[in-house]
$ cat data_25.txt   # compact mmCIF, C-alpha atoms
# COMPACT_ATOMS: atom_id res chain seq x y z
CA MET V 949 -20.80 -0.64 13.69
CA LEU V 950 -19.63 -0.69 10.09
CA GLY V 951 -22.36 1.82 9.25
CA ILE V 952 -21.32 4.10 12.10
CA PHE V 953 -17.62 4.07 11.30
CA SER V 954 -18.02 4.60 7.56
CA SER V 955 -20.49 7.50 7.88
CA PRO V 956 -20.44 10.95 9.39
CA PRO V 957 -19.80 12.07 12.01
CA PHE V 958 -17.11 9.46 12.76
CA TYR V 959 -15.74 9.16 9.26
CA THR V 960 -15.59 12.87 8.56
CA ASP V 961 -14.14 13.58 12.01
CA TYR V 962 -11.15 11.32 11.46
CA VAL V 963 -10.54 11.23 7.70
CA SER V 964 -10.13 14.66 6.16
CA LEU V 965 -8.06 16.20 3.40
CA PRO V 966 -5.09 18.39 4.41
CA ALA V 967 -5.87 22.00 5.27
CA ALA V 968 -4.15 24.97 3.65
CA ASP V 969 -2.48 26.03 6.90
CA ASP V 970 -0.98 22.63 7.75
CA LEU V 971 2.72 22.85 8.59
CA VAL V 972 5.35 20.84 6.74
CA ALA V 973 5.39 17.37 8.33
CA PRO V 974 8.51 16.46 10.37
CA TYR V 975 8.92 13.46 8.05
CA ILE V 976 9.75 15.94 5.26
CA GLY V 977 10.99 18.95 7.22
CA GLY V 978 13.33 16.94 9.42
CA ASN V 979 15.05 15.17 6.54
CA PRO V 980 17.57 17.19 4.48
CA LYS V 981 17.08 14.72 1.62
CA PHE V 982 13.42 15.75 1.35
CA PHE V 983 13.46 19.35 2.54
CA PRO V 984 13.03 21.83 0.94
CA PHE V 985 12.47 19.90 -2.29
CA PHE V 986 9.25 18.16 -1.23
CA LYS V 987 8.02 21.00 0.98
CA ASP V 988 4.79 21.25 -1.04
CA ALA V 989 4.08 17.52 -0.89
CA VAL V 990 1.09 16.89 1.37
CA GLY V 991 1.36 13.11 1.24
CA ALA V 992 1.43 10.12 -1.03
CA ILE V 993 -1.30 8.51 -3.08
CA ASP V 994 -1.66 5.00 -4.46
CA GLY V 995 -4.12 2.26 -5.24
CA THR V 996 -4.31 -0.97 -3.29
CA HIS V 997 -6.29 -4.19 -3.54
CA PHE V 998 -8.52 -5.75 -0.89
CA ALA V 999 -9.84 -9.29 -1.24
CA CYS V 1000 -13.53 -9.36 -2.04
CA SER V 1001 -16.28 -11.79 -2.97
CA PRO V 1002 -18.48 -10.27 -5.68
CA THR V 1003 -21.46 -11.87 -7.38
CA ALA V 1004 -20.74 -14.19 -10.29
CA ALA V 1005 -21.75 -11.47 -12.73
CA GLU V 1006 -19.26 -8.99 -11.27
CA ARG V 1007 -16.45 -11.45 -10.78
CA ALA V 1008 -14.76 -10.96 -14.16
CA ALA V 1009 -14.42 -7.22 -13.58
CA ALA V 1010 -13.04 -7.81 -10.09
CA ARG V 1011 -10.21 -9.97 -11.45
CA ASP V 1012 -7.00 -8.02 -10.85
CA TYR V 1013 -3.70 -8.08 -12.67
CA LYS V 1014 -2.41 -10.88 -10.49
CA GLY V 1015 -5.47 -13.07 -11.07
CA GLY V 1016 -6.99 -12.49 -7.63
CA VAL V 1017 -10.56 -11.34 -7.07
CA THR V 1018 -10.25 -7.98 -5.38
CA GLN V 1019 -11.75 -4.57 -4.94
CA ASN V 1020 -9.48 -1.72 -5.84
CA CYS V 1021 -9.20 1.24 -3.57
CA LEU V 1022 -7.56 4.62 -4.05
CA ALA V 1023 -6.06 6.07 -0.91
CA ALA V 1024 -3.98 9.08 0.03
CA CYS V 1025 -2.11 9.47 3.29
CA ASN V 1026 -0.16 12.28 4.87
CA PHE V 1027 3.39 11.95 6.20
CA ASN V 1028 2.12 11.29 9.71
CA LEU V 1029 0.81 7.88 8.56
CA GLU V 1030 -2.83 8.97 8.58
CA PHE V 1031 -5.30 8.42 5.78
CA VAL V 1032 -6.57 11.67 4.30
CA TYR V 1033 -8.63 10.20 1.49
CA ILE V 1034 -10.19 6.85 0.64
CA PHE V 1035 -12.09 5.94 -2.48
CA SER V 1036 -13.18 2.32 -2.29
CA GLY V 1037 -15.33 -0.16 -4.15
CA TRP V 1038 -13.62 -0.16 -7.52
CA GLU V 1039 -13.34 -3.37 -9.46
CA GLY V 1040 -9.97 -5.08 -9.16
CA SER V 1041 -9.31 -4.46 -12.83
CA ALA V 1042 -9.49 -0.65 -12.55
CA THR V 1043 -6.22 1.22 -13.06
CA ASP V 1044 -4.78 3.72 -10.62
CA SER V 1045 -5.03 6.54 -13.13
CA ALA V 1046 -8.70 5.80 -13.89
CA MET V 1047 -9.51 5.95 -10.19
CA PHE V 1048 -7.44 9.09 -9.76
CA ASN V 1049 -9.08 10.89 -12.67
CA ASP V 1050 -12.52 9.99 -11.38
CA ALA V 1051 -11.63 11.00 -7.83
CA ARG V 1052 -10.33 14.38 -8.97
CA LEU V 1053 -13.54 15.04 -10.83
CA THR V 1054 -15.60 14.36 -7.73
CA ASP V 1055 -14.17 15.05 -4.31
CA LEU V 1056 -10.38 14.74 -4.22
CA HIS V 1057 -9.58 18.42 -3.93
CA ILE V 1058 -5.87 19.13 -4.04
CA LEU V 1059 -4.85 22.52 -2.69
CA PRO V 1060 -3.29 24.82 -5.31
CA GLY V 1061 0.48 24.42 -5.35
CA LYS V 1062 0.34 21.23 -3.28
CA TYR V 1063 0.74 17.71 -4.59
CA TYR V 1064 0.87 14.04 -3.67
CA LEU V 1065 3.77 11.75 -4.45
CA ALA V 1066 2.53 9.01 -6.77
CA ASP V 1067 4.02 6.15 -8.75
CA ALA V 1068 4.33 5.87 -12.52
CA GLY V 1069 0.80 4.49 -12.85
CA PHE V 1070 -0.58 7.96 -12.20
CA PRO V 1071 -0.83 10.83 -14.65
CA SER V 1072 1.67 13.64 -14.39
CA SER V 1073 -0.60 16.44 -13.25
CA LEU V 1074 -0.48 19.50 -11.02
CA GLY V 1075 -1.73 17.39 -8.12
CA THR V 1076 0.80 14.60 -8.47
CA VAL V 1077 4.55 14.29 -8.75
CA ILE V 1078 5.57 11.04 -10.35
CA PRO V 1079 8.99 9.48 -10.92
CA TYR V 1080 10.92 9.66 -14.18
CA ARG V 1081 10.07 6.67 -16.32
CA GLY V 1082 12.79 4.37 -17.61
CA ILE V 1083 15.14 5.35 -14.77
CA ARG V 1084 16.01 3.25 -11.73
CA TYR V 1085 13.21 3.66 -9.26
CA HIS V 1086 12.18 1.11 -6.67
CA LEU V 1087 14.05 0.87 -3.41
CA ALA V 1088 14.65 -2.81 -4.03
CA GLU V 1089 16.47 -1.92 -7.22
CA TRP V 1090 18.78 0.29 -5.21
CA GLY V 1091 19.34 -2.53 -2.78
CA ARG V 1092 20.33 -4.80 -5.64
CA ALA V 1093 22.39 -2.08 -7.22
CA GLY V 1094 25.56 -3.63 -5.83
CA LEU V 1095 25.00 -6.49 -8.26
CA ARG V 1096 24.70 -4.26 -11.24
CA TYR V 1097 28.28 -4.71 -12.31
CA VAL V 1098 27.26 -8.24 -13.32
CA ILE V 1099 23.91 -7.29 -14.80
CA VAL V 1100 25.33 -4.56 -17.00
CA HIS V 1101 26.87 -7.05 -19.38
CA TYR V 1102 23.49 -8.62 -20.09
CA SER V 1103 21.42 -5.54 -20.52
CA SER V 1104 22.07 -2.89 -23.10
CA ARG V 1105 19.51 -0.61 -21.47
CA ILE V 1106 21.67 0.12 -18.47
CA ARG V 1107 24.21 2.87 -18.86
CA SER V 1108 27.86 2.00 -18.86
CA ASN V 1109 28.96 4.03 -15.86
CA CYS V 1110 26.88 2.22 -13.26
CA GLU V 1111 29.37 0.16 -11.30
CA CYS V 1112 28.60 2.45 -8.39
CA ASP V 1113 25.31 2.19 -6.51
CA SER V 1114 24.88 5.90 -5.99
CA PRO V 1115 22.77 8.05 -8.29
CA VAL V 1116 24.55 9.18 -11.42
CA ASN V 1117 22.32 12.05 -12.52
CA ALA V 1118 19.52 14.34 -11.39
CA GLU V 1119 16.79 11.96 -12.57
CA GLU V 1120 18.17 9.00 -10.63
CA LEU V 1121 18.65 11.08 -7.51
CA PHE V 1122 15.11 12.38 -7.80
CA ASN V 1123 13.70 8.89 -8.26
CA LEU V 1124 15.64 7.56 -5.28
CA ARG V 1125 14.36 10.25 -2.93
CA HIS V 1126 10.88 10.21 -4.42
CA SER V 1127 10.73 6.46 -3.88
CA SER V 1128 11.79 6.64 -0.26
CA ALA V 1129 9.35 9.48 0.54
CA ARG V 1130 6.46 7.85 -1.35
CA ASN V 1131 7.07 4.58 0.45
CA ILE V 1132 4.93 5.86 3.34
CA ILE V 1133 1.76 4.92 1.43
CA GLU V 1134 2.96 1.32 1.08
CA ARG V 1135 3.66 1.27 4.81
CA ILE V 1136 0.22 2.54 5.74
CA PHE V 1137 -1.42 -0.13 3.56
CA GLY V 1138 0.78 -2.76 5.16
CA ILE V 1139 -0.16 -1.59 8.64
CA LEU V 1140 -3.88 -1.51 7.83
CA LYS V 1141 -3.89 -5.01 6.33
CA ASN V 1142 -1.77 -6.39 9.14
CA ARG V 1143 -4.16 -5.08 11.74
CA PHE V 1144 -7.39 -5.99 9.96
CA SER V 1145 -7.22 -9.41 8.32
CA ILE V 1146 -10.76 -9.00 6.98
CA LEU V 1147 -9.20 -6.91 4.19
CA VAL V 1148 -7.07 -9.87 3.12
CA ILE V 1149 -9.66 -12.63 3.59
CA ALA V 1150 -12.67 -12.07 1.32
CA PRO V 1151 -15.75 -11.57 3.52
CA HIS V 1152 -19.06 -12.98 2.25
CA TYR V 1153 -21.10 -9.83 2.26
CA THR V 1154 -22.67 -7.88 -0.55
CA MET V 1155 -20.30 -5.55 -2.35
CA ASP V 1156 -21.80 -2.36 -0.94
CA VAL V 1157 -21.02 -3.68 2.53
CA GLN V 1158 -17.53 -4.77 1.52
CA ALA V 1159 -16.85 -1.37 -0.03
CA ARG V 1160 -17.56 0.26 3.34
CA LEU V 1161 -14.90 -1.78 5.11
CA ALA V 1162 -11.90 0.16 3.82
CA PRO V 1163 -13.19 3.64 4.75
CA ALA V 1164 -14.42 2.44 8.16
CA LEU V 1165 -11.13 0.73 9.02
CA ALA V 1166 -9.08 3.64 7.68
CA ALA V 1167 -11.04 5.96 9.99
CA ILE V 1168 -10.34 3.62 12.92
CA HIS V 1169 -6.66 3.55 11.89
CA ASN V 1170 -6.58 7.36 12.12
CA PHE V 1171 -8.37 7.20 15.47
CA ILE V 1172 -5.67 4.86 16.76
CA ARG V 1173 -2.93 7.14 15.38
CA LEU V 1174 -4.45 10.00 17.34
CA TYR V 1175 -4.99 8.23 20.67
CA ASP V 1176 -2.10 5.75 20.56
CA PRO V 1177 0.66 7.42 18.53
CA ASP V 1178 3.44 5.20 19.89
CA GLU V 1179 1.75 1.96 18.96
CA ILE V 1180 3.01 2.32 15.41
CA LYS V 1181 6.52 1.48 16.55
CA ASP V 1182 5.48 -2.12 17.16
CA LEU V 1183 4.03 -2.36 13.67
CA ILE V 1184 6.51 -0.69 11.40
CA ASP V 1185 8.80 -3.68 10.96
CA GLU V 1186 6.06 -5.99 9.79
CA ALA V 1187 4.54 -3.40 7.50
CA GLU V 1188 4.69 -4.27 3.84
CA ASP V 1189 1.71 -4.06 1.54
CA ILE V 1190 0.73 -7.62 0.66
CA GLN V 1191 -1.46 -6.71 -2.30
CA PRO V 1192 -0.05 -3.51 -3.75
CA GLY V 1193 -1.72 -1.58 -6.50
CA ALA V 1194 -1.00 -2.42 -10.12
CA ARG V 1195 2.43 -1.60 -11.45
CA MET V 1196 2.63 -1.82 -15.17
CA PRO V 1197 5.73 0.06 -16.22
CA GLN V 1198 5.43 -0.99 -19.83
CA MET V 1199 1.90 0.36 -19.94
CA GLY V 1200 2.74 3.51 -18.02
CA ASP V 1201 2.01 5.90 -20.83
CA LEU V 1202 -1.32 4.30 -21.61
CA ALA V 1203 -2.35 4.15 -17.99
CA ALA V 1204 -1.40 7.76 -17.43
CA GLY V 1205 -4.66 8.81 -19.04
CA PRO V 1206 -5.70 12.08 -20.49
CA ALA V 1207 -3.96 14.70 -18.43
CA ARG V 1208 -3.99 17.82 -20.57
CA ALA V 1209 -0.79 18.43 -22.47
CA ALA V 1210 -0.36 21.89 -21.00
CA GLU V 1211 -0.87 20.63 -17.45
CA ARG V 1212 1.55 17.78 -18.04
CA ALA V 1213 4.18 20.17 -19.37
CA LEU V 1214 3.80 22.35 -16.26
CA ALA V 1215 3.98 19.34 -13.97
CA ASP V 1216 7.04 17.94 -15.72
CA GLY V 1217 8.71 21.35 -15.50
CA LYS V 1218 8.04 21.46 -11.76
CA ARG V 1219 9.53 17.98 -11.39
CA ASP V 1220 12.63 18.99 -13.38
CA GLY V 1221 13.05 21.98 -11.08
CA ILE V 1222 12.93 19.77 -7.99
CA ALA V 1223 15.34 17.27 -9.54
CA GLN V 1224 17.83 19.99 -10.49
CA ASP V 1225 17.70 21.54 -7.01
CA MET V 1226 18.33 18.14 -5.46
CA TRP V 1227 21.20 17.43 -7.79
CA ALA V 1228 22.81 20.78 -7.03
CA GLN V 1229 22.57 20.10 -3.28
CA TYR V 1230 23.90 16.57 -3.74
CA GLN V 1231 26.87 17.77 -5.79
CA ALA V 1232 27.61 20.51 -3.26
CA GLU V 1233 27.59 17.97 -0.45
CA LEU V 1234 29.86 15.59 -2.36
CA THR V 1235 32.38 18.36 -3.01
CA GLU V 1236 32.20 19.36 0.62
CA ARG V 1237 32.93 15.78 1.73
CA GLU V 1238 35.84 15.50 -0.68
CA GLY V 1239 37.26 18.74 0.66
CA GLN V 1240 37.34 17.44 4.22
CA MET K 370 -87.38 -56.98 4.92
CA SER K 371 -84.07 -58.51 4.06
CA ASP K 372 -83.54 -55.67 1.62
CA SER K 373 -84.11 -53.01 4.24
CA SER K 374 -81.91 -54.82 6.81
CA SER K 375 -79.01 -55.20 4.34
CA GLU K 376 -79.48 -51.54 3.45
CA GLY K 377 -79.22 -50.62 7.14
CA GLU K 378 -76.07 -52.76 7.51
CA LEU K 379 -74.54 -51.08 4.50
CA GLU K 380 -75.32 -47.69 5.98
CA GLU K 381 -73.72 -48.73 9.27
CA GLN K 382 -70.61 -50.07 7.55
CA HIS K 383 -70.32 -46.82 5.64
CA GLN K 384 -70.51 -44.79 8.84
CA VAL K 385 -67.88 -46.96 10.53
CA PHE K 386 -65.65 -46.53 7.51
CA LEU K 387 -66.06 -42.75 7.61
CA LEU K 388 -65.28 -42.73 11.31
CA GLN K 389 -62.15 -44.78 10.73
CA MET K 390 -61.06 -42.41 7.99
CA ALA K 391 -61.66 -39.41 10.24
CA GLY K 392 -59.70 -41.10 13.02
CA MET K 393 -56.77 -41.78 10.69
CA ALA K 394 -56.82 -38.22 9.46
CA ILE K 395 -56.71 -36.95 13.03
CA VAL K 396 -53.82 -39.25 13.90
CA ALA K 397 -51.93 -38.19 10.78
CA ALA K 398 -52.49 -34.51 11.53
CA ALA K 399 -51.42 -34.96 15.13
CA THR K 400 -48.29 -36.82 14.07
CA ALA K 401 -47.41 -34.12 11.56
CA ALA K 402 -47.90 -31.44 14.17
CA LEU K 403 -45.74 -33.41 16.58
CA VAL K 404 -42.94 -33.86 14.08
CA TYR K 405 -43.12 -30.20 13.12
CA ALA K 406 -43.20 -28.89 16.67
CA ALA K 407 -40.62 -31.23 18.21
CA PRO K 408 -37.62 -28.91 17.70
CA LEU K 409 -39.58 -26.08 19.29
CA TYR K 410 -39.88 -27.70 22.70
CA ASP K 411 -37.21 -30.37 22.40
CA LYS K 412 -34.39 -27.85 21.71
CA THR K 413 -30.71 -28.46 22.38
CA PRO K 414 -29.09 -25.19 23.36
CA TYR K 415 -26.19 -24.21 21.05
CA HIS K 416 -24.33 -21.51 22.93
CA THR K 417 -23.65 -23.26 26.21
CA SER K 418 -20.12 -22.08 26.94
CA ALA K 419 -19.43 -20.98 30.49
CA LEU K 420 -17.72 -17.85 29.14
CA SER K 421 -20.22 -15.45 27.63
CA GLY K 422 -19.15 -12.78 25.18
CA GLU K 423 -19.77 -10.10 27.76
CA GLU K 424 -17.53 -11.82 30.30
CA TRP K 425 -14.81 -12.31 27.68
CA VAL K 426 -14.87 -8.61 26.85
CA LYS K 427 -14.55 -7.83 30.57
CA GLU K 428 -11.57 -10.16 30.74
CA LEU K 429 -9.95 -8.37 27.82
CA ILE K 430 -10.52 -4.95 29.34
CA ASN K 431 -9.17 -5.98 32.74
CA GLY K 432 -6.49 -8.35 31.50
CA HIS K 433 -2.96 -7.96 30.17
CA PRO K 434 -2.71 -4.72 28.13
CA GLU K 435 -1.48 -6.54 25.02
CA ARG K 436 -4.28 -9.10 25.12
CA ILE K 437 -6.98 -6.64 24.04
CA ARG K 438 -4.56 -5.18 21.48
CA CYS K 439 -4.04 -8.65 20.00
CA GLU K 440 -7.71 -9.71 19.93
CA LEU K 441 -9.40 -6.42 19.08
CA GLY K 442 -6.55 -4.52 17.38
CA VAL K 443 -6.59 -1.57 19.78
CA HIS K 444 -5.21 -0.85 23.23
CA LYS K 445 -7.56 -0.47 26.17
CA HIS K 446 -7.50 3.32 26.25
CA VAL K 447 -8.25 3.50 22.50
CA PHE K 448 -11.10 1.04 23.00
CA GLN K 449 -12.51 3.20 25.75
CA ALA K 450 -12.06 6.35 23.65
CA LEU K 451 -14.09 4.67 20.89
CA ILE K 452 -16.78 3.74 23.42
CA ALA K 453 -16.83 7.33 24.67
CA TYR K 454 -17.19 8.58 21.10
CA LEU K 455 -20.05 6.18 20.37
CA LYS K 456 -21.85 7.18 23.56
CA ASN K 457 -21.30 10.82 22.70
CA ILE K 458 -23.10 10.46 19.37
CA GLY K 459 -26.04 8.86 21.15
CA HIS K 460 -25.26 5.18 20.76
CA SER K 461 -25.82 2.92 23.75
CA HIS K 462 -26.43 -0.60 25.07
CA SER K 463 -29.13 -2.57 23.35
CA ARG K 464 -31.54 -4.66 25.41
CA TYR K 465 -29.22 -7.66 25.64
CA VAL K 466 -25.84 -6.55 24.32
CA THR K 467 -23.67 -3.92 25.99
CA ILE K 468 -22.01 -1.27 23.84
CA GLU K 469 -18.61 -2.72 24.78
CA GLU K 470 -19.60 -6.12 23.43
CA GLN K 471 -21.10 -4.57 20.28
CA LEU K 472 -17.86 -2.78 19.50
CA SER K 473 -15.84 -5.88 20.34
CA ILE K 474 -17.89 -7.99 17.93
CA PHE K 475 -17.12 -5.56 15.11
CA LEU K 476 -13.43 -5.21 15.91
CA TYR K 477 -12.95 -8.95 16.41
CA LYS K 478 -14.59 -9.67 13.07
CA CYS K 479 -12.33 -7.15 11.28
CA VAL K 480 -9.14 -8.18 13.05
CA THR K 481 -9.60 -11.90 12.46
CA GLY K 482 -11.68 -11.98 9.27
CA LEU K 483 -13.44 -15.05 10.74
CA SER K 484 -16.87 -16.12 9.53
CA VAL K 485 -19.99 -15.01 11.40
CA ARG K 486 -20.39 -18.54 12.85
CA HIS K 487 -16.92 -18.51 14.39
CA VAL K 488 -17.35 -15.02 15.78
CA GLY K 489 -20.69 -16.20 17.17
CA GLU K 490 -18.90 -19.02 18.98
CA ARG K 491 -16.41 -16.58 20.48
CA PHE K 492 -19.16 -14.31 21.79
CA GLN K 493 -21.75 -17.06 22.38
CA ARG K 494 -24.23 -15.18 20.22
CA SER K 495 -26.46 -16.14 17.31
CA ASN K 496 -25.46 -15.42 13.73
CA ASP K 497 -28.18 -12.78 13.54
CA THR K 498 -26.81 -10.96 16.56
CA ILE K 499 -23.27 -10.98 15.18
CA SER K 500 -24.37 -9.70 11.77
CA ARG K 501 -26.51 -7.02 13.32
CA TYR K 502 -23.65 -5.51 15.30
CA VAL K 503 -21.07 -5.84 12.53
CA PHE K 504 -23.21 -3.70 10.21
CA LEU K 505 -25.01 -1.52 12.70
CA ALA K 506 -25.52 2.05 11.59
CA HIS K 507 -26.11 5.13 13.67
CA HIS K 508 -29.79 5.05 14.69
CA GLN K 509 -30.17 2.00 12.46
CA ILE K 510 -29.94 4.08 9.32
CA ILE K 511 -26.96 4.19 7.04
CA THR K 512 -27.03 7.87 6.26
CA ASP K 513 -27.04 8.68 2.58
CA HIS K 514 -24.33 11.27 3.11
CA TYR K 515 -21.79 10.97 0.35
CA ILE K 516 -18.87 8.68 1.08
CA PRO K 517 -16.60 8.07 -1.88
CA ILE K 518 -17.52 4.51 -2.76
CA ALA K 519 -17.54 3.80 -6.47
CA ILE K 520 -20.30 1.20 -6.59
CA LEU K 521 -22.70 3.30 -4.51
CA ARG K 522 -22.80 6.03 -7.10

$ encode --input "data_25.txt" --output "structure tokens"
Amino acid sequence: MLGIFSSPPFYTDYVSLPAADDLVAPYIGGNPKFFPFFKDAVGAIDGTHFACSPTAAERAAARDYKGGVTQNCLAACNFNLEFVYIFSGWEGSATDSAMFNDARLTDLHILPGKYYLADAGFPSSLGTVIPYRGIRYHLAEWGRAGLRYVIVHYSSRIRSNCECDSPVNAEELFNLRHSSARNIIERIFGILKNRFSILVIAPHYTMDVQARLAPALAAIHNFIRLYDPDEIKDLIDEAEDIQPGARMPQMGDLAAGPARAAERALADGKRDGIAQDMWAQYQAELTEREGQ
Amino acid sequence: MSDSSSEGELEEQHQVFLLQMAGMAIVAAATAALVYAAPLYDKTPYHTSALSGEEWVKELINGHPERIRCELGVHKHVFQALIAYLKNIGHSHSRYVTIEEQLSIFLYKCVTGLSVRHVGERFQRSNDTISRYVFLAHHQIITDHYIPIAILR
């Protein structure tokens, strides 16, 4: 069955990259915090780790940043919680940007003008929009932001005017909204691993068999999304990726890899545009609320 | 005279000795064969549960709607849609294992992550049978169509 589900026709029927004429997903279009800023985002992309049992010779390479023995897997999903791309079988030590660069050179075709939301481990390119580095980012940080009045006295890196837990500039606002939109990829990983424990418990098969598990189960996940769309409601609360991809903020610039300088400048300009538009809308809304 | 008679006795003793040796060899061979063959006819059946895998799958399909969702990770109508898809691409029952049980073996293995032995106990099937249906490819061939898997490149 593994062979059937990880090969055409099943795999290609249920896992496919977004088409040019796809409409803006309700997840983006129905949320004034995301629309129209992320209207060209087709989904989110990230790496995740699955437990694996390689041969002794391969074990060192499979050692991930947390010390576990895993296979690394690059996946992209759309905003309807469906996988659109899976690239499995990487050693646990591979970085997200290495996988992404390789994927782009082979078969991850990103439509012109469209992009995926990605975290800071990815290069800033025309196909990805990544958060601003060195600025508050993760949702948990925002949750803890109420405590920041205490923290500020211990950390010189945090700006002085941060007693409030709302964004203080365009970059912070962008990161906050980027983080909450990108979170869908963490949810889809959480759902997949919750449903299929085999991805968390290392199976004793050869690596080429183990590498087929992720694509096969992602295709079945999409099949379930199609035939049982309401089932997801039972799962969403328990969904949290147990083995997320590597996050190495201090190594971000190294991990970002060789995106061309010109491309990076274009991508950063696009991101600045989005951030400024968001900030303008946010300020307008604040003034409107004050006026009432 | 005495020489020839003692020679005859010697000859006779030699023949008796050879016969004894041959007899011992035959006994040894027979014993070895017996020891070797004993498990073949003196077998203790392993999978003796009253509930066969096929019956269990029927129970899941006809039971509480959340039971199949819990054990196999999909609701009944999704399970049946998968079966319909598999049949549509030309997959069917094997001689002993129905297509429903084949799919269940795969899903149960993925949902639980249990070892082949434990899945075999659940379905009352041999390890070989479980492995066969976990991996099974379309028409027994994993097509060499490109699937993005790094180590297969």

$ closest_atom_pairs --input "data_25.txt" --of "chain V" --to "chain K" --cutoff "10 Å" --atoms "all atoms listed in the file" --output "CSV"
residue,atom,partner,partner_atom,distance
V:Met949,CA,K:Leu505,CA,4.4
V:Leu950,CA,K:Phe504,CA,4.7
V:Gly951,CA,K:Ala506,CA,3.9
V:Ile952,CA,K:Ala506,CA,4.7
V:Phe953,CA,K:Ala506,CA,8.2
V:Ser954,CA,K:Ile516,CA,7.7
V:Ser955,CA,K:Thr512,CA,6.7
V:Pro956,CA,K:His514,CA,7.4
V:Pro957,CA,K:Ile458,CA,8.2
V:Phe958,CA,K:Tyr454,CA,8.4
V:Tyr959,CA,K:Ile516,CA,8.8
V:Thr960,CA,K:Ile516,CA,9.2
V:Asn1020,CA,K:Ala519,CA,9.8
V:Cys1021,CA,K:Ile518,CA,9.0
V:Leu1022,CA,K:Pro517,CA,9.9
V:Tyr1033,CA,K:Pro517,CA,8.9
V:Ile1034,CA,K:Pro517,CA,7.0
V:Phe1035,CA,K:Pro517,CA,5.0
V:Ser1036,CA,K:Ile518,CA,4.9
V:Gly1037,CA,K:Ala519,CA,5.1
V:Trp1038,CA,K:Ala519,CA,5.7
V:Glu1039,CA,K:Ile520,CA,8.8
V:Met1047,CA,K:Ala519,CA,9.1
V:Asp1050,CA,K:Ala519,CA,9.4
V:Ala1051,CA,K:Pro517,CA,8.3
V:Thr1054,CA,K:Pro517,CA,8.6
V:Asp1055,CA,K:Pro517,CA,7.8
V:Leu1056,CA,K:Pro517,CA,9.4
V:Leu1140,CA,K:Val480,CA,10.0
V:Lys1141,CA,K:Val480,CA,9.1
V:Asn1142,CA,K:Val480,CA,8.5
V:Arg1143,CA,K:Val480,CA,6.0
V:Phe1144,CA,K:Val480,CA,4.2
V:Ser1145,CA,K:Gly482,CA,5.2
V:Ile1146,CA,K:Gly482,CA,3.9
V:Leu1147,CA,K:Gly482,CA,7.6
V:Val1148,CA,K:Gly482,CA,8.0
V:Ile1149,CA,K:Gly482,CA,6.1
V:Ala1150,CA,K:Gly482,CA,8.0
V:Pro1151,CA,K:Gly482,CA,7.1
V:His1152,CA,K:Ser484,CA,8.2
V:Met1155,CA,K:Ile520,CA,8.0
V:Asp1156,CA,K:Leu521,CA,6.8
V:Val1157,CA,K:Phe504,CA,8.0
V:Ala1159,CA,K:Ile518,CA,6.5
V:Arg1160,CA,K:Ile518,CA,7.4
V:Leu1161,CA,K:Cys479,CA,8.6
V:Ala1162,CA,K:Ile518,CA,9.7
V:Pro1163,CA,K:Ile516,CA,8.4
V:Leu1165,CA,K:Cys479,CA,8.3
V:Ile1168,CA,K:Leu451,CA,8.9
V:His1169,CA,K:Val443,CA,9.4
V:Phe1171,CA,K:Val447,CA,7.9
V:Ile1172,CA,K:Val447,CA,6.4
V:Arg1173,CA,K:Val447,CA,9.6
V:Leu1174,CA,K:Val447,CA,9.1
V:Tyr1175,CA,K:Val447,CA,6.0
V:Asp1176,CA,K:Val447,CA,6.8
V:Glu1179,CA,K:His444,CA,8.6

$ atom_distance --input "data_25.txt" --atom1 "atom CA of K:Ala394" --atom2 "atom CA of K:Ala407"
19.7 Å

$ atom_distance --input "data_25.txt" --atom1 "atom CA of V:Pro1177" --atom2 "atom CA of V:Tyr1064"
23.2 Å

$ atom_distance --input "data_25.txt" --atom1 "atom CA of V:Ala1023" --atom2 "atom CA of V:Ala1166"
9.4 Å

$ decode --input "data_25.txt" --residues "stretch 494-501 of chain K" --atoms "N, CA and C atoms" --output "PDB file, in the first residue's frame"
ATOM      1  N   ARG K 494      -2.225 -12.537  11.217  1.00  0.00           N
ATOM      2  CA  ARG K 494      -1.528 -12.824   9.960  1.00  0.00           C
ATOM      3  C   ARG K 494      -0.050 -12.959  10.245  1.00  0.00           C
ATOM      4  N   SER K 495       0.663 -13.623   9.342  1.00  0.00           N
ATOM      5  CA  SER K 495       2.105 -13.800   9.509  1.00  0.00           C
ATOM      6  C   SER K 495       2.834 -12.482   9.266  1.00  0.00           C
ATOM      7  N   ASN K 496       4.065 -12.416   9.742  1.00  0.00           N
ATOM      8  CA  ASN K 496       4.870 -11.215   9.531  1.00  0.00           C
ATOM      9  C   ASN K 496       5.025 -10.921   8.042  1.00  0.00           C
ATOM     10  N   ASP K 497       5.209 -11.991   7.256  1.00  0.00           N
ATOM     11  CA  ASP K 497       5.379 -11.797   5.809  1.00  0.00           C
ATOM     12  C   ASP K 497       4.147 -11.138   5.201  1.00  0.00           C
ATOM     13  N   THR K 498       2.988 -11.613   5.612  1.00  0.00           N
ATOM     14  CA  THR K 498       1.750 -11.056   5.056  1.00  0.00           C
ATOM     15  C   THR K 498       1.627  -9.585   5.410  1.00  0.00           C
ATOM     16  N   ILE K 499       1.906  -9.264   6.683  1.00  0.00           N
ATOM     17  CA  ILE K 499       1.803  -7.858   7.100  1.00  0.00           C
ATOM     18  C   ILE K 499       2.757  -6.995   6.275  1.00  0.00           C
ATOM     19  N   SER K 500       4.020  -7.409   6.205  1.00  0.00           N
ATOM     20  CA  SER K 500       5.000  -6.616   5.456  1.00  0.00           C
ATOM     21  C   SER K 500       4.580  -6.446   4.007  1.00  0.00           C
ATOM     22  N   ARG K 501       4.086  -7.536   3.430  1.00  0.00           N
ATOM     23  CA  ARG K 501       3.720  -7.455   2.019  1.00  0.00           C
ATOM     24  C   ARG K 501       2.691  -6.353   1.791  1.00  0.00           C
TER      25      ARG K 501
END
